[in-house]
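Peer 1: input39.pdb is reproduced below (PDB, C-alpha atoms).
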ATOM      1  CA  MET Y 823       9.756 -12.946   3.560  1.00  0.00           C
ATOM      2  CA  ALA Y 824       8.723 -15.746   1.211  1.00  0.00           C
ATOM      3  CA  ASP Y 825       5.921 -16.297  -1.245  1.00  0.00           C
ATOM      4  CA  GLY Y 826       3.692 -19.337  -1.512  1.00  0.00           C
ATOM      5  CA  ALA Y 827       6.384 -21.348  -3.263  1.00  0.00           C
ATOM      6  CA  ALA Y 828       8.926 -20.545  -0.551  1.00  0.00           C
ATOM      7  CA  LYS Y 829      10.997 -18.625  -3.073  1.00  0.00           C
ATOM      8  CA  PRO Y 830      12.643 -15.547  -1.496  1.00  0.00           C
ATOM      9  CA  ALA Y 831      10.655 -12.419  -2.297  1.00  0.00           C
ATOM     10  CA  ARG Y 832      11.762  -9.058  -0.998  1.00  0.00           C
ATOM     11  CA  GLN Y 833       9.479  -6.482   0.551  1.00  0.00           C
ATOM     12  CA  HIS Y 834      10.008  -2.867  -0.481  1.00  0.00           C
ATOM     13  CA  PRO Y 835       7.751  -0.085   0.837  1.00  0.00           C
ATOM     14  CA  VAL Y 836       6.932   3.010  -1.232  1.00  0.00           C
ATOM     15  CA  GLU Y 837       5.978   6.000   0.928  1.00  0.00           C
ATOM     16  CA  GLY Y 838       3.600   8.368  -0.845  1.00  0.00           C
ATOM     17  CA  GLY Y 839       4.950  11.716   0.335  1.00  0.00           C
ATOM     18  CA  ALA Y 840       4.326  13.813  -2.775  1.00  0.00           C
ATOM     19  CA  ASP Y 841       1.889  16.242  -1.176  1.00  0.00           C
ATOM     20  CA  SER Y 842       2.550  19.956  -1.603  1.00  0.00           C
ATOM     21  CA  ARG Y 843      -0.752  21.107  -0.093  1.00  0.00           C
ATOM     22  CA  GLU Y 844      -0.318  23.544   2.767  1.00  0.00           C
ATOM     23  CA  GLU Y 845      -2.025  23.153   6.122  1.00  0.00           C
ATOM     24  CA  ALA Y 846      -3.955  25.612   8.274  1.00  0.00           C
ATOM     25  CA  GLY Y 847      -2.731  26.639  11.704  1.00  0.00           C
ATOM     26  CA  PRO Y 848       0.706  27.526  13.150  1.00  0.00           C
ATOM     27  CA  SER Y 849       2.535  25.417  10.549  1.00  0.00           C
ATOM     28  CA  ALA Y 850       0.500  26.831   7.680  1.00  0.00           C
ATOM     29  CA  ARG Y 851       3.258  26.615   5.103  1.00  0.00           C
ATOM     30  CA  LEU Y 852       4.240  23.001   5.773  1.00  0.00           C
ATOM     31  CA  PRO Y 853       2.755  20.067   3.838  1.00  0.00           C
ATOM     32  CA  LYS Y 854       1.122  17.698   6.300  1.00  0.00           C
ATOM     33  CA  GLN Y 855       3.805  14.986   6.068  1.00  0.00           C
ATOM     34  CA  TYR Y 856       6.324  17.455   7.529  1.00  0.00           C
ATOM     35  CA  LEU Y 857       4.244  18.673  10.459  1.00  0.00           C
ATOM     36  CA  GLN Y 858       5.839  17.959  13.832  1.00  0.00           C
ATOM     37  CA  LEU Y 859       4.282  15.131  15.810  1.00  0.00           C
ATOM     38  CA  ALA Y 860       5.689  13.924  19.155  1.00  0.00           C
ATOM     39  CA  GLY Y 861       9.194  15.095  18.318  1.00  0.00           C
ATOM     40  CA  ARG Y 862       9.383  13.875  14.714  1.00  0.00           C
ATOM     41  CA  ALA Y 863       7.958  14.780  11.344  1.00  0.00           C
ATOM     42  CA  VAL Y 864       4.787  12.864  10.430  1.00  0.00           C
ATOM     43  CA  LEU Y 865       6.682  11.247   7.547  1.00  0.00           C
ATOM     44  CA  GLU Y 866       9.367   9.885   9.885  1.00  0.00           C
ATOM     45  CA  TRP Y 867       6.736   8.163  11.999  1.00  0.00           C
ATOM     46  CA  SER Y 868       5.121   6.759   8.853  1.00  0.00           C
ATOM     47  CA  ALA Y 869       8.383   5.139   7.740  1.00  0.00           C
ATOM     48  CA  ALA Y 870       9.372   3.828  11.182  1.00  0.00           C
ATOM     49  CA  SER Y 871       7.304   0.619  11.192  1.00  0.00           C
ATOM     50  CA  PHE Y 872       8.875  -0.492   7.908  1.00  0.00           C
ATOM     51  CA  LEU Y 873      12.449   0.382   8.815  1.00  0.00           C
ATOM     52  CA  ALA Y 874      12.080  -1.601  12.054  1.00  0.00           C
ATOM     53  CA  ARG Y 875      11.602  -4.816  10.049  1.00  0.00           C
ATOM     54  CA  PRO Y 876      14.613  -6.899   8.941  1.00  0.00           C
ATOM     55  CA  ASP Y 877      12.662  -8.141   5.886  1.00  0.00           C
ATOM     56  CA  CYS Y 878      12.282  -4.587   4.573  1.00  0.00           C
ATOM     57  CA  ALA Y 879      14.753  -4.188   1.702  1.00  0.00           C
ATOM     58  CA  GLY Y 880      14.435  -0.410   1.767  1.00  0.00           C
ATOM     59  CA  VAL Y 881      12.013   2.505   1.575  1.00  0.00           C
ATOM     60  CA  ILE Y 882      11.267   4.775  -1.390  1.00  0.00           C
ATOM     61  CA  VAL Y 883       9.949   8.210  -0.410  1.00  0.00           C
ATOM     62  CA  VAL Y 884       8.155  10.056  -3.209  1.00  0.00           C
ATOM     63  CA  LEU Y 885       8.531  13.835  -2.980  1.00  0.00           C
ATOM     64  CA  ALA Y 886       6.618  16.715  -4.511  1.00  0.00           C
ATOM     65  CA  PRO Y 887       8.534  18.754  -7.103  1.00  0.00           C
ATOM     66  CA  GLY Y 888      10.334  21.597  -5.372  1.00  0.00           C
ATOM     67  CA  ASP Y 889      10.245  19.909  -1.947  1.00  0.00           C
ATOM     68  CA  GLN Y 890      12.546  21.858   0.400  1.00  0.00           C
ATOM     69  CA  GLN Y 891      11.856  20.004   3.656  1.00  0.00           C
ATOM     70  CA  TRP Y 892      13.023  16.470   2.911  1.00  0.00           C
ATOM     71  CA  ALA Y 893      16.747  17.244   3.181  1.00  0.00           C
ATOM     72  CA  THR Y 894      16.259  18.610   6.699  1.00  0.00           C
ATOM     73  CA  LEU Y 895      15.096  15.250   8.091  1.00  0.00           C
ATOM     74  CA  ALA Y 896      17.365  12.638   9.649  1.00  0.00           C
ATOM     75  CA  LEU Y 897      15.389  10.097   7.605  1.00  0.00           C
ATOM     76  CA  ALA Y 898      16.902  11.562   4.429  1.00  0.00           C
ATOM     77  CA  ARG Y 899      20.329  10.319   5.562  1.00  0.00           C
ATOM     78  CA  ASN Y 900      19.211   6.750   6.259  1.00  0.00           C
ATOM     79  CA  ILE Y 901      21.082   4.439   3.852  1.00  0.00           C
ATOM     80  CA  ARG Y 902      17.962   2.249   3.449  1.00  0.00           C
ATOM     81  CA  VAL Y 903      15.887   5.189   2.209  1.00  0.00           C
ATOM     82  CA  GLN Y 904      15.813   6.610  -1.319  1.00  0.00           C
ATOM     83  CA  ALA Y 905      13.874   9.691  -2.438  1.00  0.00           C
ATOM     84  CA  VAL Y 906      12.398  10.274  -5.897  1.00  0.00           C
ATOM     85  CA  ILE Y 907      10.271  13.058  -7.373  1.00  0.00           C
ATOM     86  CA  GLY Y 908       6.618  12.225  -7.862  1.00  0.00           C
ATOM     87  CA  GLY Y 909       3.916  13.328 -10.262  1.00  0.00           C
ATOM     88  CA  ALA Y 910       0.722  15.357 -10.340  1.00  0.00           C
ATOM     89  CA  GLU Y 911      -1.554  12.664  -8.882  1.00  0.00           C
ATOM     90  CA  ARG Y 912      -1.132   9.885  -6.339  1.00  0.00           C
ATOM     91  CA  ALA Y 913      -0.992   7.187  -9.010  1.00  0.00           C
ATOM     92  CA  ASP Y 914       1.648   9.143 -10.941  1.00  0.00           C
ATOM     93  CA  SER Y 915       3.785   9.382  -7.815  1.00  0.00           C
ATOM     94  CA  VAL Y 916       3.484   5.684  -7.061  1.00  0.00           C
ATOM     95  CA  ARG Y 917       4.459   4.883 -10.635  1.00  0.00           C
ATOM     96  CA  GLN Y 918       7.553   7.060 -10.211  1.00  0.00           C
ATOM     97  CA  GLY Y 919       8.437   5.212  -7.010  1.00  0.00           C
ATOM     98  CA  LEU Y 920       8.027   1.851  -8.715  1.00  0.00           C
ATOM     99  CA  ALA Y 921      10.132   2.994 -11.662  1.00  0.00           C
ATOM    100  CA  ALA Y 922      12.993   3.704  -9.254  1.00  0.00           C
ATOM    101  CA  LEU Y 923      12.840   0.051  -8.170  1.00  0.00           C
ATOM    102  CA  ARG Y 924      12.742  -1.496 -11.637  1.00  0.00           C
ATOM    103  CA  SER Y 925      16.434  -2.451 -11.644  1.00  0.00           C
ATOM    104  CA  GLN Y 926      16.277  -3.815  -8.081  1.00  0.00           C
ATOM    105  CA  LEU Y 927      13.139  -5.952  -8.025  1.00  0.00           C
ATOM    106  CA  GLY Y 928      11.655  -8.819  -9.983  1.00  0.00           C
ATOM    107  CA  ASP Y 929       7.996  -9.131 -10.881  1.00  0.00           C
ATOM    108  CA  ASP Y 930       7.372 -11.499  -7.951  1.00  0.00           C
ATOM    109  CA  ASP Y 931       8.878  -9.240  -5.274  1.00  0.00           C
ATOM    110  CA  TRP Y 932       6.442  -7.502  -2.960  1.00  0.00           C
ATOM    111  CA  VAL Y 933       5.956  -3.753  -2.671  1.00  0.00           C
ATOM    112  CA  LEU Y 934       3.882  -1.984  -0.051  1.00  0.00           C
ATOM    113  CA  VAL Y 935       2.477   1.482  -0.718  1.00  0.00           C
ATOM    114  CA  HIS Y 936       1.820   3.605   2.360  1.00  0.00           C
ATOM    115  CA  ASP Y 937       0.492   7.137   2.810  1.00  0.00           C
ATOM    116  CA  ALA Y 938       3.200   9.383   4.248  1.00  0.00           C
ATOM    117  CA  ALA Y 939       0.484  11.116   6.298  1.00  0.00           C
ATOM    118  CA  ARG Y 940      -0.438   7.911   8.187  1.00  0.00           C
ATOM    119  CA  PRO Y 941       1.963   7.966  11.164  1.00  0.00           C
ATOM    120  CA  CYS Y 942       0.111   5.551  13.457  1.00  0.00           C
ATOM    121  CA  LEU Y 943       0.628   2.238  11.658  1.00  0.00           C
ATOM    122  CA  GLN Y 944       1.152  -0.393  14.342  1.00  0.00           C
ATOM    123  CA  ALA Y 945       3.765  -3.121  13.994  1.00  0.00           C
ATOM    124  CA  GLY Y 946       1.144  -5.778  14.692  1.00  0.00           C
ATOM    125  CA  GLU Y 947      -1.187  -4.739  11.884  1.00  0.00           C
ATOM    126  CA  LEU Y 948       1.720  -4.464   9.449  1.00  0.00           C
ATOM    127  CA  THR Y 949       2.750  -8.007  10.383  1.00  0.00           C
ATOM    128  CA  ALA Y 950      -0.844  -9.202   9.995  1.00  0.00           C
ATOM    129  CA  LEU Y 951      -1.031  -7.692   6.496  1.00  0.00           C
ATOM    130  CA  ILE Y 952       2.253  -9.252   5.399  1.00  0.00           C
ATOM    131  CA  ASP Y 953       1.432 -12.659   6.888  1.00  0.00           C
ATOM    132  CA  ARG Y 954      -2.007 -12.766   5.236  1.00  0.00           C
ATOM    133  CA  VAL Y 955      -0.995 -11.406   1.846  1.00  0.00           C
ATOM    134  CA  ARG Y 956       2.361 -13.060   1.184  1.00  0.00           C
ATOM    135  CA  THR Y 957       0.698 -16.346   0.211  1.00  0.00           C
ATOM    136  CA  ASP Y 958      -2.154 -14.687  -1.701  1.00  0.00           C
ATOM    137  CA  ASP Y 959      -2.244 -14.856  -5.487  1.00  0.00           C
ATOM    138  CA  VAL Y 960      -3.372 -11.232  -5.873  1.00  0.00           C
ATOM    139  CA  GLY Y 961      -2.254  -9.080  -2.937  1.00  0.00           C
ATOM    140  CA  GLY Y 962      -4.239  -7.001  -0.505  1.00  0.00           C
ATOM    141  CA  LEU Y 963      -4.612  -3.997   1.750  1.00  0.00           C
ATOM    142  CA  LEU Y 964      -5.394  -2.952   5.261  1.00  0.00           C
ATOM    143  CA  ALA Y 965      -9.011  -1.821   5.549  1.00  0.00           C
ATOM    144  CA  ALA Y 966     -11.604  -1.133   8.229  1.00  0.00           C
ATOM    145  CA  PRO Y 967     -15.277  -2.196   8.076  1.00  0.00           C
ATOM    146  CA  LEU Y 968     -17.635   0.791   8.120  1.00  0.00           C
ATOM    147  CA  VAL Y 969     -19.451   1.114  11.428  1.00  0.00           C
ATOM    148  CA  ASP Y 970     -21.338   4.408  11.070  1.00  0.00           C
ATOM    149  CA  THR Y 971     -24.767   4.842   9.521  1.00  0.00           C
ATOM    150  CA  LEU Y 972     -24.376   6.211   5.988  1.00  0.00           C
ATOM    151  CA  LYS Y 973     -26.575   8.883   4.415  1.00  0.00           C
ATOM    152  CA  ARG Y 974     -26.808   9.956   0.785  1.00  0.00           C
ATOM    153  CA  ALA Y 975     -27.515  13.683   0.430  1.00  0.00           C
ATOM    154  CA  ASP Y 976     -29.742  15.370  -2.131  1.00  0.00           C
ATOM    155  CA  ASP Y 977     -28.817  18.571  -3.958  1.00  0.00           C
ATOM    156  CA  SER Y 978     -30.036  20.718  -1.046  1.00  0.00           C
ATOM    157  CA  GLY Y 979     -27.834  18.972   1.515  1.00  0.00           C
ATOM    158  CA  ARG Y 980     -30.636  16.957   3.107  1.00  0.00           C
ATOM    159  CA  ALA Y 981     -30.548  13.223   3.827  1.00  0.00           C
ATOM    160  CA  ALA Y 982     -32.292  11.571   0.892  1.00  0.00           C
ATOM    161  CA  GLU Y 983     -31.717   7.964   1.921  1.00  0.00           C
ATOM    162  CA  THR Y 984     -29.846   5.683   4.289  1.00  0.00           C
ATOM    163  CA  VAL Y 985     -27.264   3.552   2.549  1.00  0.00           C
ATOM    164  CA  SER Y 986     -26.539   0.020   3.689  1.00  0.00           C
ATOM    165  CA  ARG Y 987     -23.022  -0.377   5.094  1.00  0.00           C
ATOM    166  CA  GLU Y 988     -23.118  -4.151   4.653  1.00  0.00           C
ATOM    167  CA  ARG Y 989     -19.822  -5.378   3.164  1.00  0.00           C
ATOM    168  CA  LEU Y 990     -18.466  -1.817   2.885  1.00  0.00           C
ATOM    169  CA  TRP Y 991     -14.875  -1.220   4.004  1.00  0.00           C
ATOM    170  CA  ARG Y 992     -12.748   1.915   4.320  1.00  0.00           C
ATOM    171  CA  ALA Y 993      -9.453   1.485   2.474  1.00  0.00           C
ATOM    172  CA  LEU Y 994      -6.314   2.127   4.542  1.00  0.00           C
ATOM    173  CA  THR Y 995      -2.630   1.701   3.816  1.00  0.00           C
ATOM    174  CA  PRO Y 996      -0.253  -0.026   3.411  1.00  0.00           C
ATOM    175  CA  GLN Y 997      -1.442  -1.812   0.290  1.00  0.00           C
ATOM    176  CA  MET Y 998       0.694  -4.790  -0.731  1.00  0.00           C
ATOM    177  CA  PHE Y 999       1.069  -6.195  -4.227  1.00  0.00           C
ATOM    178  CA  ARG Y1000       3.700  -7.923  -6.308  1.00  0.00           C
ATOM    179  CA  PHE Y1001       5.866  -5.483  -8.226  1.00  0.00           C
ATOM    180  CA  GLY Y1002       4.867  -6.763 -11.663  1.00  0.00           C
ATOM    181  CA  VAL Y1003       1.126  -6.852 -10.962  1.00  0.00           C
ATOM    182  CA  LEU Y1004       1.016  -3.339  -9.521  1.00  0.00           C
ATOM    183  CA  THR Y1005       3.286  -1.800 -12.154  1.00  0.00           C
ATOM    184  CA  ARG Y1006       1.154  -3.174 -14.990  1.00  0.00           C
ATOM    185  CA  ALA Y1007      -2.140  -2.298 -13.293  1.00  0.00           C
ATOM    186  CA  LEU Y1008      -1.168   1.346 -12.738  1.00  0.00           C
ATOM    187  CA  ALA Y1009       0.158   1.668 -16.294  1.00  0.00           C
ATOM    188  CA  ASP Y1010      -3.053   0.188 -17.715  1.00  0.00           C
ATOM    189  CA  ALA Y1011      -5.233   2.560 -15.671  1.00  0.00           C
ATOM    190  CA  ALA Y1012      -3.190   5.556 -16.839  1.00  0.00           C
ATOM    191  CA  GLN Y1013      -3.457   4.441 -20.459  1.00  0.00           C
ATOM    192  CA  ARG Y1014      -7.241   4.223 -20.069  1.00  0.00           C
ATOM    193  CA  GLY Y1015      -7.363   7.714 -18.576  1.00  0.00           C
ATOM    194  CA  ILE Y1016      -8.659   6.493 -15.208  1.00  0.00           C
ATOM    195  CA  ALA Y1017      -7.397   8.461 -12.185  1.00  0.00           C
ATOM    196  CA  VAL Y1018      -7.332   5.730  -9.544  1.00  0.00           C
ATOM    197  CA  THR Y1019      -7.421   6.864  -5.932  1.00  0.00           C
ATOM    198  CA  ASP Y1020      -5.515   3.916  -4.512  1.00  0.00           C
ATOM    199  CA  GLU Y1021      -3.455   0.974  -5.730  1.00  0.00           C
ATOM    200  CA  ALA Y1022      -6.179  -1.562  -5.022  1.00  0.00           C
ATOM    201  CA  GLN Y1023      -8.493   0.228  -7.460  1.00  0.00           C
ATOM    202  CA  ALA Y1024      -5.925  -0.170 -10.238  1.00  0.00           C
ATOM    203  CA  VAL Y1025      -5.572  -3.878  -9.437  1.00  0.00           C
ATOM    204  CA  GLU Y1026      -9.372  -4.240  -9.390  1.00  0.00           C
ATOM    205  CA  LEU Y1027      -9.586  -2.615 -12.829  1.00  0.00           C
ATOM    206  CA  ALA Y1028      -7.083  -5.213 -14.042  1.00  0.00           C
ATOM    207  CA  GLY Y1029      -9.613  -7.902 -13.120  1.00  0.00           C
ATOM    208  CA  PHE Y1030      -8.337  -8.982  -9.706  1.00  0.00           C
ATOM    209  CA  LYS Y1031      -9.925  -8.945  -6.245  1.00  0.00           C
ATOM    210  CA  PRO Y1032      -7.456  -7.771  -3.580  1.00  0.00           C
ATOM    211  CA  LEU Y1033      -7.679  -9.312  -0.111  1.00  0.00           C
ATOM    212  CA  LEU Y1034      -9.097  -7.074   2.633  1.00  0.00           C
ATOM    213  CA  VAL Y1035      -7.150  -7.411   5.886  1.00  0.00           C
ATOM    214  CA  ALA Y1036      -8.741  -5.828   8.948  1.00  0.00           C
ATOM    215  CA  GLY Y1037      -6.724  -2.857  10.174  1.00  0.00           C
ATOM    216  CA  SER Y1038      -7.064  -0.485  13.088  1.00  0.00           C
ATOM    217  CA  ALA Y1039      -9.182   2.661  13.047  1.00  0.00           C
ATOM    218  CA  ASP Y1040      -6.190   4.271  14.793  1.00  0.00           C
ATOM    219  CA  ASN Y1041      -4.292   4.082  11.479  1.00  0.00           C
ATOM    220  CA  LEU Y1042      -5.565   7.556  10.690  1.00  0.00           C
ATOM    221  CA  LYS Y1043      -4.511   9.909   7.910  1.00  0.00           C
ATOM    222  CA  ILE Y1044      -3.472  13.390   8.991  1.00  0.00           C
ATOM    223  CA  THR Y1045      -5.916  15.662   7.158  1.00  0.00           C
ATOM    224  CA  LEU Y1046      -7.263  18.250   9.623  1.00  0.00           C
ATOM    225  CA  PRO Y1047      -5.480  20.196  12.398  1.00  0.00           C
ATOM    226  CA  GLU Y1048      -7.378  18.244  15.061  1.00  0.00           C
ATOM    227  CA  ASP Y1049      -5.895  14.998  13.724  1.00  0.00           C
ATOM    228  CA  LEU Y1050      -2.467  15.860  15.178  1.00  0.00           C
ATOM    229  CA  PRO Y1051      -3.452  15.758  18.887  1.00  0.00           C
ATOM    230  CA  ARG Y1052      -5.330  12.521  18.261  1.00  0.00           C
ATOM    231  CA  ALA Y1053      -2.318  10.995  16.505  1.00  0.00           C
ATOM    232  CA  GLU Y1054      -0.068  12.049  19.377  1.00  0.00           C
ATOM    233  CA  ARG Y1055      -2.341  10.267  21.855  1.00  0.00           C
ATOM    234  CA  ILE Y1056      -2.306   7.125  19.706  1.00  0.00           C
ATOM    235  CA  LEU Y1057       1.484   7.194  19.396  1.00  0.00           C
ATOM    236  CA  ALA Y1058       1.800   7.535  23.168  1.00  0.00           C
ATOM    237  CA  THR Y1059      -0.076   4.261  23.611  1.00  0.00           C
ATOM    238  CA  MET Y1060       2.165   2.566  21.028  1.00  0.00           C
ATOM    239  CA  GLN Y1061       5.457   3.425  22.724  1.00  0.00           C
ATOM    240  CA  PRO Y1062       7.048   1.009  25.245  1.00  0.00           C
ATOM    241  CA  SER Y1063       6.303   2.044  28.801  1.00  0.00           C
TER     242      SER Y1063
END
What is this file in C-alpha cells?
Peer 2:
Amino acid sequence: MADGAAKPARQHPVEGGADSREEAGPSARLPKQYLQLAGRAVLEWSAASFLARPDCAGVIVVLAPGDQQWATLALARNIRVQAVIGGAERADSVRQGLAALRSQLGDDDWVLVHDAARPCLQAGELTALIDRVRTDDVGGLLAAPLVDTLKRADDSGRAAETVSRERLWRALTPQMFRFGVLTRALADAAQRGIAVTDEAQAVELAGFKPLLVAGSADNLKITLPEDLPRAERILATMQPS
C-alpha cells in the first residue's frame, strides 16, 4: 500500500491475543482466542483476513505469559507470523508487539491492531478501512454507530436518564495508525499512568482525532458462550458458496 505521497508504506497487523482469562462451558480452561469455531481456533479466523492480503508484510501475535496453546496451531508455523509475549494490560501487550517490529518498520509504515477474539472481520471492511485511512494524516479505526437507546443507571440499578446516542460510535478493530505515531502515543499514555482501553484513545490523548470508518456489527468480539454460535453463522455467510 502507499501513503498520501505515494511513498511505499508497509502494513503490519498486530493481533492482540494476550488473554489468559478462562471461559465458561465445555472449553472452560481455554482462553477465548483458542476456542474452536467452525473447524479452527478463533485466533486463526482473526488472522485470516490479514494473511489473505498481499500488502500484509506479516502478523505479530501477542501471547499471554505461560501460553501453552499457541504452539498447537497451524498458524504458529506460518512464516509470515511472529509471536511475542505480552504484558498485563492490552496497551502493554500492544507495546510489546510494536517493540518486536522496531527493527523492521519506519515511523511512516502502517500497523493495524486487531483483537484476537474478533474472528468475523470481513475482507471488504478491512479494505474499506485501509483505503480510507492510508491517505489520512492521523489514522483511524473501524467503528459502528450506536443504534440502541441508552440508559444511565442510578445506584439502585434503575434507569435515571436516557442518554443521547447522537454522534456516539462503538469502537471496533482493526485500528490503523502509523508506527511512529502509535508507538509514541502508547508510551506517553503509559508515562502519564493512563490505562487506555484501545489504541485510538492513546492517539486521542496525544492530541489527534482518529478517523471513524463504518464497520459491520457482525465484527463481534467473542465474550460470552452464546457468541460462538452467532459467530459460526456469520462465518458461514462469509464463505464462498
Peer 1: Got a sec to resolve the PyMOL selection byres ((chain Y and resi 1006) around 12) on this structure and send the residues as a list of chain:residue names?
Peer 2: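 For this structure, the PyMOL selection byres ((chain Y and resi 1006) around 12) captures Y:Arg917, Y:Leu920, Y:Ala921, Y:Asp929, Y:Phe999, Y:Arg1000, Y:Phe1001, Y:Gly1002, Y:Val1003, Y:Leu1004, Y:Thr1005, Y:Ala1007, Y:Leu1008, Y:Ala1009, Y:Asp1010, Y:Ala1011, Y:Ala1012, Y:Gln1013, Y:Glu1021, Y:Ala1024, Y:Val1025, Y:Glu1026, Y:Leu1027, Y:Ala1028, Y:Gly1029.
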Peer 1: Excluding stretch 865-872 of chain Y and its own-chain neighbours fewer than 5 positions away, which residues fall within 9 Å of it when counting all atoms listed in the file? Please give them as a PyMOL selection string.
Peer 2: chain Y and resi 834-835+837+839+854-857+859+877-878+880-881+883+895-897+936-945+948
Peer 1: Please enclose the listed atoms of stretch 988-998 of chain Y in an axis-aligned box, pad each side by 3 Å, and write out the centre and the three edge lengths in Å, rounded to one decimal, as JSON.
Peer 2:
{"center_x": -11.2, "center_y": -1.6, "center_z": 2.0, "size_x": 29.8, "size_y": 13.5, "size_z": 11.4}
Peer 1: Mind giving me the straight-line distance from atom CA of Y:Leu968 to atom CA of Y:Ala1036 in Å, one decimal?
Peer 2: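 Pair atom CA of Y:Leu968 / atom CA of Y:Ala1036 returns 11.1 Å.
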Peer 1: With only C-alpha atoms as the basis for distance, which of Y:Ala905, Y:Ala860, Y:Arg987, Y:Val969 is at the shortest distance from Y:Ala893?
Peer 2: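 Comparing Y:Ala905, Y:Ala860, Y:Arg987, Y:Val969 against Y:Ala893, the winner is Y:Ala905.
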Peer 1: Have a look at Y:Pro1047, Y:Gly888, Y:Gly861, Y:Gly1037 and name the one nearest to Y:Ala966; count all atoms listed in the file.
Peer 2: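 Of all the options, Y:Gly1037 lies closest to Y:Ala966.
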Peer 1: Could you give me, as JSON, numbers by chain, the residues within 8 Å of stretch 910-915 of chain Y, counting only C-alpha atoms and dropping anything in the same chain fewer than 2 positions from it?
Peer 2: {"Y": [838, 840, 884, 907, 908, 917, 918, 919, 1008, 1017, 1018, 1019, 1020, 1021]}
Peer 1: Can you measure atom CA of Y:Leu873 to atom CA of Y:Arg902 for me? One decimal in Å is fine.
Peer 2: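 So the two atoms, atom CA of Y:Leu873 and atom CA of Y:Arg902, lie 7.9 Å apart.
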Peer 1: For atom CA of Y:Leu972 and atom CA of Y:Ala1053, determine how far apart the two atoms are, in Å to one decimal place.
Peer 2: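 Atom CA of Y:Ala1053 lies 24.9 Å from atom CA of Y:Leu972.
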Peer 1: May I have the residues within 12 Å of Y:Asp959 as a JSON list (two decimals) with C-alpha atoms, keeping the file's coordinate frame, using all atoms listed in the file and disregarding those fewer than 4 positions away in the same chain?
Peer 2:
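As written to disk, selection-v7.json reads:
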[["chain", "number", "residue", "atom", "x", "y", "z"],
["Y", 825, "ASP", "CA", 5.92, -16.30, -1.25],
["Y", 826, "GLY", "CA", 3.69, -19.34, -1.51],
["Y", 827, "ALA", "CA", 6.38, -21.35, -3.26],
["Y", 930, "ASP", "CA", 7.37, -11.50, -7.95],
["Y", 932, "TRP", "CA", 6.44, -7.50, -2.96],
["Y", 954, "ARG", "CA", -2.01, -12.77, 5.24],
["Y", 955, "VAL", "CA", -1.00, -11.41, 1.85],
["Y", 998, "MET", "CA", 0.69, -4.79, -0.73],
["Y", 999, "PHE", "CA", 1.07, -6.20, -4.23],
["Y", 1000, "ARG", "CA", 3.70, -7.92, -6.31],
["Y", 1003, "VAL", "CA", 1.13, -6.85, -10.96],
["Y", 1030, "PHE", "CA", -8.34, -8.98, -9.71],
["Y", 1031, "LYS", "CA", -9.93, -8.94, -6.24],
["Y", 1032, "PRO", "CA", -7.46, -7.77, -3.58],
["Y", 1033, "LEU", "CA", -7.68, -9.31, -0.11]]
Peer 1: Go ahead and find all residues with at least one atom no further than 6 Å from (-4.2, -5.6, 3.9) in the file's coordinates, using all atoms listed in the file; report them as a PyMOL selection string.
Peer 2: chain Y and resi 951+962-964+997+1034-1035
